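As structure tokens, the structure follows; a few thoughts come after it.
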Amino acid sequence: MDAVVAGGASQSLRHESAAMHVSGSAAYIDDMLEPKGLLHVVPGLSTRAHARIVSMDLDAVRAAPGVVRVLTAADIPGHNQISPVGKEDEPLLASDIVSFYGQPIFAVVAETRGQGRRAARLARIVYEDLPAVLDIDQARAAGGALVWRPLTMRRGDAEQGLAASPRRLSGRIVMGGQEHFYLEGQAALAQPGEEGEMRVWSSTQHPTETQHMVAHVLDRPSNLVTTEIRRMGGGFGGKETQANGPACLAALAAELTGRAAKMRLDRDDDMMMTGKRHDFVVEYDVGFDDDGRIRAVDMVLAARCGWSADLSGPVTDRALFHADNAYYYPDVRLRSEPLKTNTQSNTAYRGFGGPQGIVAAERVIEEIAFATGLDPLDVRLRNVYGTGTRDLTPYHMTVEDSIAAEIMEELAESCAYRARRAAIHAANGGSPHIRRGIALTPVKFGISFTATHYNQAGALVHVYTDGSVQVNHGGTEMGQGLHTKMVQIAMREFGLTADRVRITATTTGKVPNTSATAASSGADLNGMAVLDAVRRIKERLVAFAAVHWGVEAADIHFRADGVHVGETVVPFPDLTRAAYFARVSMSSSGFYKTPKISWNPETGRGRPFFYFAYGAACAEIAIDLLSGEMRIERVDILHDAGQSLNPAIDIGQVEGAFVQGAGWLTTEELVWDETGRLRTHAPSTYKIPACSDRPRIFNVALLER
């Protein structure tokens with residue numbers, strides 16, 4: 001759709017950077033014009049999974065061509081800690097103990113990136129090896145050290161419910177992790193200023209946290225550090241906390257040399273250093289009856305968290321929040337086990353633990369269907385949450401709007417699920433090698449950060465005298481179209497076309513104390529903050545126009561053809577020019593905090609989510625029993641996005657999410673060897689889905705009501 005269509009929200013306006021994406025002119029961190037004298041920072045990584053550093057000889061590194069400085073923990077003027085949750089367990093540079101293979105120990109600052117890479121290989125480090133714990137089973141065998149407090153959610157009496165159930169089964173599910181594989185790797189550029197100022201351009205989903213980390217490492221107040229990001233080449237959660245290390249090292253190099261410094265990780269170093277989606281082992285015990293109705297569930301969800309806490313506590317908490325998915329468990333106990341291992345510190349990843357919990361719930365449903373001989377869809381429909389009954393979650397939040405059954409039934413009808421399932425079953429009987437399967441599954445996903453204080457956002461909107469508008473907000477753009485939606489909100493409220501509204505780079509210098517763009521809350525939080533700012537300006541303009549033109553405020557409306565002031569239509573630029581000469585402020589900040597939410601991690605109770613998003617997917621798969629080759633024949637998805645701000649962008653996000661999830665559960669596999677070295681650390685050894693892996697038929701629709 002043309003980019004200058006007025007009307008704003010609820011239209012499929014093209015992505016605000018679409019033309020630049022296609023032409024290659026969209027600038028990312030590594031595309032920025034390099035300041036004079038720019039230096040390049042390259043990390044030196046551990047080659048042990050767990051060891052004590054006996055000695056570290058960096059003389060050859062320092063003497064290498066082009067090397068300006070070598071950074072170690074001793075060079076940090078502030079705090080050698082970048083834990084996002086305030087624990088003292090994540091040093092920026094290791095000094096005595098290394099805790100995973102690939103941990104940064106030092107950093108080379110050189111005139112060119114190539115010189116830095118060559119110099120980093122010259123380090124001579126002597127280690128004393130320590131016992132390394134690499135996976136969940138080893139962690140449990142070694143005593144089960146945790147990176148975060150475990151959480152238990154319970155309602156009713158799971159043990160009694162299981163004992164009283166007519167039927168009962170138990171099982172174990174093993175889920176692997178997943179590399180984010182953002183197209184743009186981790187990157188940051190830092191430029192020192194006067195009197196201790198430091199400006200950092202970082203590919204980060206959380207500019208405020210990056211600002212705080214840089215200030216913490218450099219030992220200065222946050223008002224001397226400004227973080228900025230125009231766009232990322234993908235994030236998927238991998239730049240919520242993992243961007244902090246490169247930003248801090250670039251800033252440290254800039255601080256100590258007085259020159260601008262950039263750190264851009266190549267794919268190998270990026271995958272070796274950064275955390276992934278958590279792999280889980282889930283053990284469950286479920287009681288049910290002959291009709292497939294669940295009576296009780298007892299489930300333990302153990303996660304390989306890596307060497308530090310990072311966000312593993314909230315991730316494993318959210319896995320519990322979604323271990324019921326869309327289903328009511330009459331008696332239930334859910335427990336988390338966030339295990340410490342000598343591997344990369346696993347971190348946020350799209351869904352944030354929710355997908356792992358949902359997979360566990362869906363496995364339970366499939367096992368019940370298999371045991372009873374029922375259609376899995378019927379088992380799902382018999383166990384979904386109700387509204388007004390069977391509506392209390394394991395964390396004691398009432399489900400107020402359960403539409404899972406309606407969405408599943410509507411999708412089943414539109415995609416002819418039952419007829420296709422019968423046809424597939426009949427065809428499989430006569431096909432010795434190629435077998436097909438079909439499944440229809442729902443999702444109920446809680447929308448809000450479970451850390452309640454993150455559910456806030458700010459914005460800053462300027463209206464200029466020529467009627468053009470500039471919007472800034474605390475969210476970050478990583479390709480998901482957040483900036484486009486913010487433009488649309490301003491367009492709708494002012495009655496403008498897209499060419500009259502400009503989004504600017506996210507910067508802590510304009511909107512402070514922002515939250516991460518994560519938890520599926522970016523449009524909600526930042527959109528409401530932008531709306532607040534815009535409406536404050538509109539209130540002033542309306543008050544001025546009412547007096548200036550002698551009409552009632554209620555008779556003033558902002559429309560696509562201009563501002564309707566009573567019977568007069570005033571072009572928006574004429575109104576803003578007149579308001580300026582009348583000394584009316586046309587700039588405002590905006591703020592929003594999510595209402596109603598609360599969460600007590602000590603009791604495992606509360607209302608952590610403002611609402612739930614619902615959807616359902618029906619997937620038909622073909623598998624060659626001889627070769628193991630798999631093909632996704634057809635996928636139909638129905639998703640409730642409320643009143644979509646931009647249907648085309650939202651459908652694209654659903655499509656991308658499905659393909660990424662399919663990659664996680666089919667082609668993508670992280671492999672560590674016995675020394676703890678990640679062997680799948682490049683596109684040559686780690687397979688994300690290709691074009692040929694997409695569904696042959698792919699139908700995605702948004703729920704219209």
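Each chain of the structure tokens is named A, B, ... in the order shown, its residues numbered from 1; ligands are numbered from 1 in display order.
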I'd like the contact shell of region 34-44 of chain A - 10 Å cut-off, only C-alpha atoms, skipping same-chain residues fewer than 6 positions apart - returned as a ChimeraX atom specification. /A:66-72,93,102-123,188-191,246,249-254,257-266,269,273
DSSP on the backbone, then: every residue of region 549-579 of chain A marked strand (DSSP E), written as number ranges by chain.
A: 556-559, 562-565, 568-570
CA of Ile294 (chain A) sits from CA of Gly446 (chain A) at a separation of 21.9 Å
**Item:** Distance query region 350-352 of chain A at most 9 Å, only C-alpha atoms, self and fewer than 3 positions along chain excluded, as a list in words
**Value:** His180, Gly235, Phe236, Gly237, Gly238, Arg277, His278, Pro314, Val315, Thr316, Arg318, Ala319, Thr347, Pro355, Gln356, Phe445, Ala518, Ala519, Ser520 and Ala657 of chain A
For the selection you just gave me, I'd like the residues written to a file as a CSV table (one decimal), in the first residue's frame, keeping all heavy atoms.
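The result, stored in selection-v9.csv:
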```csv
chain,number,residue,atom,x,y,z
A,180,HIS,N,19.9,-17.7,18.0
A,180,HIS,CA,19.0,-16.6,17.4
A,180,HIS,C,19.2,-16.3,15.9
A,180,HIS,O,18.3,-16.1,15.2
A,180,HIS,CB,19.3,-15.3,18.2
A,180,HIS,CG,19.1,-15.3,19.7
A,180,HIS,ND1,20.0,-15.8,20.6
A,180,HIS,CD2,18.0,-15.1,20.4
A,180,HIS,CE1,19.5,-15.7,21.8
A,180,HIS,NE2,18.3,-15.3,21.7
A,235,GLY,N,16.7,-9.5,16.1
A,235,GLY,CA,17.1,-9.6,17.6
A,235,GLY,C,16.6,-10.9,18.2
A,235,GLY,O,17.3,-11.7,18.7
A,236,PHE,N,15.2,-11.1,18.1
A,236,PHE,CA,14.6,-12.3,18.6
A,236,PHE,C,14.9,-12.6,20.1
A,236,PHE,O,14.8,-13.7,20.5
A,236,PHE,CB,15.0,-13.6,17.8
A,236,PHE,CG,14.9,-13.3,16.3
A,236,PHE,CD1,16.0,-13.3,15.5
A,236,PHE,CD2,13.6,-13.1,15.7
A,236,PHE,CE1,15.9,-13.1,14.1
A,236,PHE,CE2,13.5,-12.9,14.4
A,236,PHE,CZ,14.6,-12.9,13.6
A,237,GLY,N,15.3,-11.6,20.8
A,237,GLY,CA,15.7,-11.7,22.2
A,237,GLY,C,17.2,-11.8,22.4
A,237,GLY,O,17.7,-11.6,23.5
A,238,GLY,N,17.9,-12.1,21.4
A,238,GLY,CA,19.4,-12.2,21.5
A,238,GLY,C,20.1,-10.9,21.7
A,238,GLY,O,21.3,-11.0,22.0
A,277,ARG,N,18.4,-20.0,23.1
A,277,ARG,CA,17.2,-20.4,23.7
A,277,ARG,C,17.5,-21.6,24.7
A,277,ARG,O,18.4,-22.4,24.4
A,277,ARG,CB,16.2,-21.0,22.7
A,277,ARG,CG,14.8,-21.3,23.3
A,277,ARG,CD,13.9,-22.0,22.3
A,277,ARG,NE,13.5,-21.2,21.2
A,277,ARG,CZ,12.5,-20.4,21.2
A,277,ARG,NH1,11.9,-20.1,22.3
A,277,ARG,NH2,12.1,-19.7,20.1
A,278,HIS,N,16.9,-21.6,25.8
A,278,HIS,CA,17.2,-22.6,26.8
A,278,HIS,C,16.7,-24.0,26.3
A,278,HIS,O,15.6,-24.1,25.8
A,278,HIS,CB,16.4,-22.3,28.1
A,278,HIS,CG,17.0,-21.1,28.9
A,278,HIS,ND1,16.9,-19.8,28.4
A,278,HIS,CD2,17.6,-21.0,30.1
A,278,HIS,CE1,17.4,-19.0,29.3
A,278,HIS,NE2,17.9,-19.7,30.3
A,314,PRO,N,13.5,-15.4,35.0
A,314,PRO,CA,12.3,-15.1,34.3
A,314,PRO,C,11.9,-16.0,33.2
A,314,PRO,O,10.7,-16.3,33.0
A,314,PRO,CB,12.5,-13.7,33.8
A,314,PRO,CG,13.6,-13.1,34.7
A,314,PRO,CD,14.5,-14.3,35.1
A,315,VAL,N,12.9,-16.6,32.5
A,315,VAL,CA,12.6,-17.5,31.4
A,315,VAL,C,12.0,-18.8,32.0
A,315,VAL,O,10.9,-19.3,31.5
A,315,VAL,CB,13.8,-17.9,30.6
A,315,VAL,CG1,13.6,-19.1,29.7
A,315,VAL,CG2,14.3,-16.6,29.8
A,316,THR,N,12.6,-19.4,33.0
A,316,THR,CA,12.0,-20.6,33.6
A,316,THR,C,10.7,-20.3,34.3
A,316,THR,O,9.8,-21.2,34.3
A,316,THR,CB,13.0,-21.3,34.5
A,316,THR,OG1,13.5,-20.3,35.5
A,316,THR,CG2,14.2,-21.8,33.8
A,318,ARG,N,8.5,-18.2,33.2
A,318,ARG,CA,7.5,-18.1,32.1
A,318,ARG,C,7.2,-19.5,31.5
A,318,ARG,O,6.1,-19.7,31.1
A,318,ARG,CB,7.9,-17.1,31.0
A,318,ARG,CG,6.8,-16.8,30.0
A,318,ARG,CD,7.1,-15.8,29.0
A,318,ARG,NE,6.8,-14.4,29.4
A,318,ARG,CZ,5.7,-13.8,29.2
A,318,ARG,NH1,4.7,-14.5,28.6
A,318,ARG,NH2,5.5,-12.6,29.6
A,319,ALA,N,8.2,-20.4,31.6
A,319,ALA,CA,7.9,-21.7,31.1
A,319,ALA,C,6.8,-22.4,32.0
A,319,ALA,O,5.9,-23.1,31.5
A,319,ALA,CB,9.2,-22.6,31.2
A,347,THR,N,19.6,-17.2,27.4
A,347,THR,CA,19.1,-15.8,27.5
A,347,THR,C,17.7,-15.7,26.9
A,347,THR,O,17.0,-16.8,26.6
A,347,THR,CB,20.0,-14.8,26.9
A,347,THR,OG1,19.6,-13.5,27.2
A,347,THR,CG2,20.1,-15.0,25.3
A,355,PRO,N,7.4,-21.1,24.8
A,355,PRO,CA,7.3,-22.3,23.8
A,355,PRO,C,7.6,-23.6,24.5
A,355,PRO,O,7.0,-24.6,24.2
A,355,PRO,CB,8.3,-21.9,22.7
A,355,PRO,CG,8.3,-20.4,22.7
A,355,PRO,CD,8.2,-20.0,24.2
A,356,GLN,N,8.6,-23.6,25.4
A,356,GLN,CA,9.0,-24.8,26.0
A,356,GLN,C,7.9,-25.3,26.9
A,356,GLN,O,7.6,-26.5,27.0
A,356,GLN,CB,10.3,-24.6,26.8
A,356,GLN,CG,11.5,-24.4,26.0
A,356,GLN,CD,11.8,-22.9,25.8
A,356,GLN,OE1,10.9,-22.1,25.6
A,356,GLN,NE2,13.1,-22.5,25.9
A,445,PHE,N,-1.1,-17.0,25.2
A,445,PHE,CA,0.2,-16.4,25.6
A,445,PHE,C,-0.1,-15.2,26.4
A,445,PHE,O,-0.8,-14.3,25.9
A,445,PHE,CB,1.0,-16.1,24.3
A,445,PHE,CG,2.5,-15.8,24.7
A,445,PHE,CD1,3.4,-16.8,24.9
A,445,PHE,CD2,2.9,-14.5,24.8
A,445,PHE,CE1,4.7,-16.5,25.3
A,445,PHE,CE2,4.2,-14.2,25.1
A,445,PHE,CZ,5.1,-15.2,25.4
A,518,ALA,N,10.5,-6.3,24.1
A,518,ALA,CA,10.4,-7.8,24.4
A,518,ALA,C,9.1,-8.1,25.0
A,518,ALA,O,8.2,-7.2,25.1
A,518,ALA,CB,11.6,-8.2,25.3
A,519,ALA,N,8.9,-9.4,25.3
A,519,ALA,CA,7.6,-9.9,25.9
A,519,ALA,C,6.4,-9.6,25.1
A,519,ALA,O,5.3,-9.5,25.7
A,519,ALA,CB,7.5,-9.3,27.3
A,520,SER,N,6.5,-9.5,23.8
A,520,SER,CA,5.4,-9.2,22.9
A,520,SER,C,4.6,-8.0,23.3
A,520,SER,O,3.4,-7.9,23.1
A,520,SER,CB,4.5,-10.4,22.9
A,520,SER,OG,5.1,-11.6,22.4
A,657,ALA,N,7.3,-16.3,12.7
A,657,ALA,CA,7.3,-17.0,14.0
A,657,ALA,C,7.1,-18.5,13.8
A,657,ALA,O,7.8,-19.3,14.4
A,657,ALA,CB,6.3,-16.5,14.9
```
Would you mind telling me which residue in A:Ala247, A:Val700, A:Ala94, A:Ala505 lies nearest to Ser203 (chain A) when using only C-alpha atoms?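 Nearest to Ser203 (chain A): A:Ala247.
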Check your understanding: If you run DSSP on the backbone, which residues of region 79-294 of chain A are helix (DSSP H, G or I), as an NGL selection string?
Key -> :A and (113-120 or 136-141 or 158-164 or 194-196 or 207-218 or 222-224 or 244-257 or 267-273)
Closest of A:Arg390, A:Thr666, A:Glu477, A:Tyr464 to Val584 (chain A), counting only C-alpha atoms, is A:Tyr464
Near-Thr226 (chain A) list (9 Å; only C-alpha atoms; drop same-chain fewer than 6 positions) as a list in words: Glu197, Met198, Arg199, Val200, Trp201, Pro207, Thr208, Gln211, Thr507, Thr508 and Gly509 of chain A
Preceding selection exported with N, CA, C and O atoms as an mmCIF file, in the first residue's frame:
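Once written, out_29.cif looks like this:
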```
data_model
loop_
_atom_site.group_PDB
_atom_site.id
_atom_site.type_symbol
_atom_site.label_atom_id
_atom_site.label_comp_id
_atom_site.auth_asym_id
_atom_site.auth_seq_id
_atom_site.Cartn_x
_atom_site.Cartn_y
_atom_site.Cartn_z
ATOM 1 N N GLU A 197 31.718 12.335 28.778
ATOM 2 C CA GLU A 197 30.584 11.857 27.992
ATOM 3 C C GLU A 197 30.986 10.661 27.132
ATOM 4 O O GLU A 197 32.111 10.573 26.645
ATOM 5 N N MET A 198 30.043 9.755 26.956
ATOM 6 C CA MET A 198 30.260 8.609 26.075
ATOM 7 C C MET A 198 28.970 8.360 25.305
ATOM 8 O O MET A 198 27.909 8.165 25.889
ATOM 9 N N ARG A 199 29.087 8.385 23.985
ATOM 10 C CA ARG A 199 27.938 8.103 23.133
ATOM 11 C C ARG A 199 28.140 6.735 22.506
ATOM 12 O O ARG A 199 29.201 6.463 21.935
ATOM 13 N N VAL A 200 27.121 5.884 22.640
ATOM 14 C CA VAL A 200 27.242 4.506 22.183
ATOM 15 C C VAL A 200 26.099 4.184 21.225
ATOM 16 O O VAL A 200 24.923 4.341 21.582
ATOM 17 N N TRP A 201 26.454 3.781 20.019
ATOM 18 C CA TRP A 201 25.476 3.235 19.080
ATOM 19 C C TRP A 201 25.553 1.721 19.218
ATOM 20 O O TRP A 201 26.600 1.114 18.980
ATOM 21 N N PRO A 207 18.065 -0.217 25.133
ATOM 22 C CA PRO A 207 19.029 0.888 25.210
ATOM 23 C C PRO A 207 19.312 1.367 26.626
ATOM 24 O O PRO A 207 20.463 1.694 26.945
ATOM 25 N N THR A 208 18.292 1.401 27.475
ATOM 26 C CA THR A 208 18.526 1.887 28.836
ATOM 27 C C THR A 208 19.436 0.946 29.609
ATOM 28 O O THR A 208 20.333 1.391 30.341
ATOM 29 N N GLN A 211 22.892 1.484 28.418
ATOM 30 C CA GLN A 211 23.375 2.727 29.016
ATOM 31 C C GLN A 211 23.856 2.500 30.445
ATOM 32 O O GLN A 211 24.957 2.922 30.828
ATOM 33 N N THR A 507 16.779 6.690 21.450
ATOM 34 C CA THR A 507 17.950 7.170 22.184
ATOM 35 C C THR A 507 17.583 7.484 23.627
ATOM 36 O O THR A 507 16.498 8.042 23.893
ATOM 37 N N THR A 508 18.469 7.122 24.524
ATOM 38 C CA THR A 508 18.247 7.420 25.936
ATOM 39 C C THR A 508 18.337 8.914 26.211
ATOM 40 O O THR A 508 17.964 9.359 27.295
ATOM 41 N N GLY A 509 18.846 9.685 25.233
ATOM 42 C CA GLY A 509 18.901 11.133 25.387
ATOM 43 C C GLY A 509 17.564 11.813 25.185
ATOM 44 O O GLY A 509 17.394 12.975 25.546
#
```
In terms of only C-alpha atoms, the residue from A:Met630, A:Leu392, A:Met299, A:Leu411 at minimal distance from Glu159 (chain A) is A:Met299
What separates CA of Val635 (chain A) and CA of Phe609 (chain A) is a distance of 28.8 Å
**Message:** For a quick check of understanding, using only C-alpha atoms, which of A:Ser312, A:Ala578, A:Met232, A:His79 has the smallest distance to His21 (chain A)?
**Reply:**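 Once distances to His21 (chain A) are computed over only C-alpha atoms, the minimum belongs to A:Met232.
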Neighbouring residues of Tyr611 (chain A) were defined as those with any atom within 9 Å, considering only C-alpha atoms; residues of the same chain fewer than 4 positions away were excluded. Please report them as a VMD selection string.
chain A and resid 399 to 401 445 to 448
Save out the residues we just selected, N, CA and C atoms, as an mmCIF file, in the first residue's frame.
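Saved to selection-v2.cif:
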```
data_model
loop_
_atom_site.group_PDB
_atom_site.id
_atom_site.type_symbol
_atom_site.label_atom_id
_atom_site.label_comp_id
_atom_site.auth_asym_id
_atom_site.auth_seq_id
_atom_site.Cartn_x
_atom_site.Cartn_y
_atom_site.Cartn_z
ATOM 1 N N VAL A 399 -8.668 -16.453 34.166
ATOM 2 C CA VAL A 399 -8.744 -16.259 32.719
ATOM 3 C C VAL A 399 -10.107 -15.655 32.413
ATOM 4 N N GLU A 400 -10.109 -14.411 31.951
ATOM 5 C CA GLU A 400 -11.354 -13.668 31.798
ATOM 6 C C GLU A 400 -11.955 -13.761 30.400
ATOM 7 N N ASP A 401 -11.177 -14.255 29.438
ATOM 8 C CA ASP A 401 -11.615 -14.123 28.044
ATOM 9 C C ASP A 401 -11.208 -15.328 27.211
ATOM 10 N N PHE A 445 -1.102 -17.035 25.159
ATOM 11 C CA PHE A 445 0.166 -16.439 25.571
ATOM 12 C C PHE A 445 -0.096 -15.169 26.364
ATOM 13 N N GLY A 446 0.490 -15.106 27.555
ATOM 14 C CA GLY A 446 0.308 -13.950 28.425
ATOM 15 C C GLY A 446 1.103 -12.757 27.951
ATOM 16 N N ILE A 447 0.446 -11.603 27.878
ATOM 17 C CA ILE A 447 1.084 -10.381 27.395
ATOM 18 C C ILE A 447 1.363 -9.448 28.564
ATOM 19 N N SER A 448 2.615 -9.289 28.862
ATOM 20 C CA SER A 448 3.199 -8.360 29.841
ATOM 21 C C SER A 448 4.532 -8.949 30.270
#
```
Nearby residues (only C-alpha atoms) at most 7 Å from Val54 (chain A), same-chain spacing under 5 positions excluded, as a PyMOL selection string
chain A and resi 126-128
- List the neighbours of Phe494 (chain A) out to 12 Å using only C-alpha atoms; skip same-chain residues closer than 3 positions along the sequence, and give me the result as JSON, numbers by chain. {"A": [6, 7, 8, 9, 461, 463, 467, 468, 469, 487, 488, 489, 490, 491, 497, 498, 500, 501, 531, 533, 534, 535, 536, 537, 538, 539, 541, 542, 556, 557, 558, 559, 560, 561, 562, 563, 564, 571, 572, 573, 575, 576]}
Could the residues in this selection be saved with C-alpha atoms as a CSV table (one decimal), in the first residue's frame?
```
chain,number,residue,atom,x,y,z
A,6,ALA,CA,-3.9,8.9,5.5
A,7,GLY,CA,-5.8,7.2,8.3
A,8,GLY,CA,-3.0,5.5,10.1
A,9,ALA,CA,-3.8,2.6,12.4
A,461,VAL,CA,6.5,13.8,20.2
A,463,VAL,CA,4.9,19.0,16.1
A,467,GLY,CA,2.7,20.7,10.4
A,468,SER,CA,5.3,17.9,10.2
A,469,VAL,CA,5.6,15.5,13.2
A,487,VAL,CA,3.9,6.3,12.9
A,488,GLN,CA,0.5,5.0,12.2
A,489,ILE,CA,-0.8,6.0,15.7
A,490,ALA,CA,0.4,9.6,15.1
A,491,MET,CA,-1.1,9.6,11.6
A,497,THR,CA,-0.2,11.0,5.8
A,498,ALA,CA,2.9,8.9,6.4
A,500,ARG,CA,4.3,14.0,7.4
A,501,VAL,CA,5.3,11.8,10.3
A,531,LEU,CA,-0.8,8.1,22.1
A,533,ALA,CA,2.0,12.4,24.1
A,534,VAL,CA,0.0,13.0,20.9
A,535,ARG,CA,-3.2,13.6,22.8
A,536,ARG,CA,-1.6,16.0,25.2
A,537,ILE,CA,-0.6,18.1,22.2
A,538,LYS,CA,-4.0,17.7,20.6
A,539,GLU,CA,-5.6,19.0,23.8
A,541,LEU,CA,-4.3,22.6,19.9
A,542,VAL,CA,-8.0,22.1,20.5
A,556,ILE,CA,-13.1,20.2,16.6
A,557,HIS,CA,-12.0,17.0,14.9
A,558,PHE,CA,-8.7,15.9,13.3
A,559,ARG,CA,-9.5,14.3,9.9
A,560,ALA,CA,-7.6,13.2,6.8
A,561,ASP,CA,-8.7,16.3,4.9
A,562,GLY,CA,-7.7,18.7,7.7
A,563,VAL,CA,-8.8,19.9,11.1
A,564,HIS,CA,-12.6,20.4,11.2
A,571,PRO,CA,-5.2,22.5,7.0
A,572,PHE,CA,-3.1,21.1,9.8
A,573,PRO,CA,0.0,23.3,8.9
A,575,LEU,CA,-3.3,25.3,12.7
A,576,THR,CA,0.2,24.6,13.9
```
| request: Provide the CA of Glu674 (chain A) to CA of Ser46 (chain A) distance in Å, to one decimal place. | output: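 Computing it gives 15.5 Å between the two atoms.
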- request: Point out the residue among A:Ile438, A:Leu702, A:Ala523, A:Met586 with the least atom-to-atom distance to Ile623 (chain A), counting only C-alpha atoms.
  value: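 Answer, going by the shortest atom-to-atom distance: A:Ile438.
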Please determine, counting only C-alpha atoms, which residue among A:Ser692, A:Gln480, A:Gln178, A:Ser99 has the shortest atom-to-atom distance to Arg14 (chain A).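 Using only C-alpha atoms, Arg14 (chain A) sits closest to A:Gln480.
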